[in-house]
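Novice: After the structure tokens below, expect a handful of questions from me.
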Amino acid sequence: MERNLRTYIEDILHREIGSDVPFSVERQEGRPAQGEARGDYSSNIALVRAKVEKRLPMAVAEDIAIRIKEKHLPVFSKIEAASPGFLNFYFDKQYLIEILRDSFASEPKPKLGTASVEYISANPTGPMHIGNARSGPIGDVVANLLKDRGYKVVREYFHNDAGAQIGRFADSLWHWYMIACGEQSVLAEDGYQGEYIQEMGKAVHKKYGAKILQKPDLYKERITKAALAGMLKDNLALAKRMGIVFDKVVAESDLEVKTKRALALLDKKGLLTKKEGAVWFTPKDDNLGERESVVIKSDGTYVYFAGDIAYHAEKFKRADLVVDELGDGHEGHIPKLRAIADAFGFPQENLKIVVHGLVTLKKDGQVVSMAKRKGTFVTAEELLDTVGKDAFRFFMLQYAPRSAMTFDMDLARAKSKDNPVYYIQYAHARASSILKKAGYQGKRKINYKKVAWPILETEAELTLIKMVLALPDAISQTAEDFQLQRLSRFALDFARAFTRFYETTHVIGERADLEYARLALVSLFRETMQRQCKLMGISTPDTM
RNA sequence: GUCCUCGUAGUUCAAUGGAUAGAAUAUCUCCCUCCGAAGGAGGUGGUGCAGGUUCGAUUCCUGCCGAGGACACCA
């Protein structure tokens, strides 16, 4: 376990005070004005204890403060009770340094089993759109976090290449092929009419000419397969440009045997019912609302959900933790996924579903319409081309996944302090620049064990140290609740703290031991920032 | 119609039931001869409405208003 300040206090309180009532300990940084007055960390333990002890919160707080002070005097420079009953903890500087020194000793990570993380899984019937693209950075960072925790992570992509929708796509493709041949054809009302599929029709014509026109039975399926495979290839290539490489791609069309087997198993458990000529999945526990749904249509074909059952049954078998990343349009699917977990005896708490909200694009100060018919439609690829991988990922990660967000393309493209990605990378580049100037580059590194850490004592320096020590806690919280915005916010605050240090503190040319200590801090900042950026999948160039 | 999600500074977003609701941006006032000025310090400004739960509510509950979404033998 990495030492961290918050759990350190939490542990002391548990040990010394004990409480059957839950209490909190939280970091008070990021409040420059009040931070000083509220300590480094604070707890509400006295407030919650007051109720069960039937005493005044302040009195409880003062008692606790005295007790902790007696036993842990060297750790804290100050513990105070604050109205209405908070406890504010101020870490002693020397002790902070000690924790910092301890943190350099790396400990082996626990082995937590296998985690499957599925994300993007874009529909292959059209180019990836912005909403799907948001799934990329989110799912990828969830995977990074789980890997950081000690899971063996499998990054997965589901390729929906079967079902009625694909039939419609096939008909549409054939239609556009006929048009490309100069033939008469009428597109079905629910057919696809995007520019991309028209291009596909032309491509088919280019390849085959009119030769296959009379043989739809033979060729319709073949060209559709090729088109879907091409779309998958494009999507995976696009993902790669987002910095995402999948370990496993599962195609729905390959699942037929497994679907049969999974359904047979459900049938054995009495969870399938024949109704109106179709076969329904009818879970027994319907606490989560209406979960009944068709798996085999009356014409004998499977619906998408049947493949999903097979796919999840398989994931439940090979993974200890299963994460599905979905757009909010698929929220209605969640109870069904939960029902599948129940049906196969997979613990609900090990099935995590991360939902992301709508993405609105803003360009030239205007909201870009997402209507495909209008020329303003922007695909994920265009967005990525415009702003680049780092800004793309950072902006997608900046907000709580579930919330709807506005992606400001102009800001993401800007090479100025207004752009948070630039601000962060710039701070990192400055740190690199200082180290380079001082000759610490490449193999020559600062030896943290030989640093006279205690001579660092300005506020800017101590703030950086405290943030370095607070990061592990932020990371583990995020690995729990998947509130990914915490990472980008932390990185931004951290960059800001470094910039403040940079502005106020001179490094090179100071007395030798002080220079070395400050260089060490710069190096520590740089490494810590690199760790965060790596988790987010954002690059940390040494020069901008 | 049923269900879900969301309403926070002008704007984009934060805030495990906690203290004076934080940043960024915009705007206003200052500072910047210094390892990278792609900076720094400060001011103005906000919880949709009405109740309830409690020591304490942006957070939990109810109703209303407003926005988006889900409710297919679609995926």
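Ordering of the structure tokens sets the chain letters (A, B, ...), residue numbers begin anew at 1 in every chain, and ligands are numbered from 1 in the order given.
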I need the chain A residues near chain B as a count of residues only; criterion: at most 7 Å, counting only C-alpha atoms (C1' of nucleotides).

Specialist: 17

Novice: Can you check which residues of range 96-208 of chain A DSSP gives as helix (DSSP H, G or I) on the backbone and send them as an mmCIF file with C-alpha atoms, in the first residue's frame?

Specialist:
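The resulting file, part18.cif, is reproduced below:
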```cif
data_model
loop_
_atom_site.group_PDB
_atom_site.id
_atom_site.type_symbol
_atom_site.label_atom_id
_atom_site.label_comp_id
_atom_site.auth_asym_id
_atom_site.auth_seq_id
_atom_site.Cartn_x
_atom_site.Cartn_y
_atom_site.Cartn_z
ATOM 1 C CA LEU A 96 5.707 14.913 5.946
ATOM 2 C CA ILE A 97 9.292 14.530 4.854
ATOM 3 C CA GLU A 98 9.457 11.153 6.526
ATOM 4 C CA ILE A 99 6.348 9.946 4.752
ATOM 5 C CA LEU A 100 7.782 11.299 1.548
ATOM 6 C CA ARG A 101 10.975 9.322 2.096
ATOM 7 C CA ASP A 102 8.972 6.182 2.799
ATOM 8 C CA SER A 103 7.031 6.665 -0.387
ATOM 9 C CA ILE A 130 -18.563 11.769 -31.132
ATOM 10 C CA GLY A 131 -20.713 10.039 -28.538
ATOM 11 C CA ASN A 132 -19.051 6.689 -29.159
ATOM 12 C CA ALA A 133 -15.705 8.367 -29.144
ATOM 13 C CA ARG A 134 -16.205 9.620 -25.597
ATOM 14 C CA SER A 135 -16.360 6.010 -24.579
ATOM 15 C CA GLY A 136 -12.764 5.629 -25.744
ATOM 16 C CA PRO A 137 -10.863 7.772 -23.248
ATOM 17 C CA ILE A 138 -13.272 6.894 -20.443
ATOM 18 C CA GLY A 139 -13.056 3.134 -20.908
ATOM 19 C CA ASP A 140 -9.352 3.286 -21.513
ATOM 20 C CA VAL A 141 -8.651 5.241 -18.338
ATOM 21 C CA VAL A 142 -10.861 2.923 -16.311
ATOM 22 C CA ALA A 143 -8.727 0.099 -17.695
ATOM 23 C CA ASN A 144 -5.541 1.992 -16.798
ATOM 24 C CA LEU A 145 -6.788 2.563 -13.267
ATOM 25 C CA LEU A 146 -7.681 -1.080 -12.764
ATOM 26 C CA LYS A 147 -4.309 -2.119 -14.087
ATOM 27 C CA ASP A 148 -2.702 0.327 -11.692
ATOM 28 C CA ARG A 149 -4.659 -1.299 -8.876
ATOM 29 C CA ALA A 164 -31.739 -7.144 -38.206
ATOM 30 C CA GLN A 165 -29.840 -3.897 -38.364
ATOM 31 C CA ILE A 166 -27.145 -5.518 -40.429
ATOM 32 C CA GLY A 167 -29.844 -6.815 -42.776
ATOM 33 C CA ARG A 168 -31.010 -3.261 -43.313
ATOM 34 C CA PHE A 169 -27.451 -2.188 -43.871
ATOM 35 C CA ALA A 170 -26.967 -4.955 -46.447
ATOM 36 C CA ASP A 171 -30.085 -3.914 -48.339
ATOM 37 C CA SER A 172 -28.980 -0.307 -48.299
ATOM 38 C CA LEU A 173 -25.515 -1.146 -49.526
ATOM 39 C CA TRP A 174 -26.990 -3.148 -52.368
ATOM 40 C CA HIS A 175 -29.236 -0.241 -53.207
ATOM 41 C CA TRP A 176 -26.297 2.168 -53.435
ATOM 42 C CA TYR A 177 -24.361 -0.319 -55.451
ATOM 43 C CA MET A 178 -27.224 -0.472 -57.932
ATOM 44 C CA ILE A 179 -27.359 3.296 -58.070
ATOM 45 C CA ALA A 180 -23.621 3.331 -58.724
ATOM 46 C CA GLU A 195 -22.500 9.772 -47.753
ATOM 47 C CA TYR A 196 -20.201 7.030 -46.480
ATOM 48 C CA ILE A 197 -22.509 4.233 -47.607
ATOM 49 C CA GLN A 198 -22.942 5.835 -50.996
ATOM 50 C CA GLU A 199 -19.168 5.785 -51.285
ATOM 51 C CA MET A 200 -19.199 2.139 -50.315
ATOM 52 C CA GLY A 201 -21.698 1.435 -53.071
ATOM 53 C CA LYS A 202 -19.408 3.149 -55.539
ATOM 54 C CA ALA A 203 -16.433 1.189 -54.273
ATOM 55 C CA VAL A 204 -18.295 -2.054 -54.841
ATOM 56 C CA HIS A 205 -19.076 -0.925 -58.362
ATOM 57 C CA LYS A 206 -15.458 -0.050 -58.935
ATOM 58 C CA LYS A 207 -14.383 -3.473 -57.821
ATOM 59 C CA TYR A 208 -16.993 -5.624 -59.547
#
```

Novice: Any idea what the distance is between CA of Phe246 in chain A and CA of Ser116 in chain A?

Specialist: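 Computed distance, CA of Phe246 in chain A to CA of Ser116 in chain A, equals 11.0 Å.
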
Novice: Residues near C61 in chain B, anyone? I mean within 12 Å using only C-alpha atoms (C1' of nucleotides), not counting same-chain ones fewer than 6 positions away, as a ChimeraX atom specification.

Specialist: /B:51-53

Novice: Excluding range 464-480 of chain A and its own-chain neighbours fewer than 6 positions away, which residues fall within 10 Å of it when counting only C-alpha atoms (C1' of nucleotides)? Please give them as a ChimeraX atom specification.

Specialist: /A:1-7,27,29-30,40,91,93,96-97,99-100,103,141-149,456,486-487,490-491,493-498,500-501,521-522,524-525,527-529,531-532,535 /B:16

Novice: A50 in chain B: which residues within 12 Å, counting only C-alpha atoms (C1' of nucleotides), same-chain residues fewer than 5 positions away excluded, as a list in words?

Specialist: U62, G63, C64 and C65 of chain B

Novice: Find the spatial neighbours of A15 in chain B, counting only C-alpha atoms (C1' of nucleotides), within a cut-off of 10 Å - ignore same-chain residues fewer than 3 positions away - and output them as an MDAnalysis selection string.

Specialist: chainID B and resid 21:22 58:59
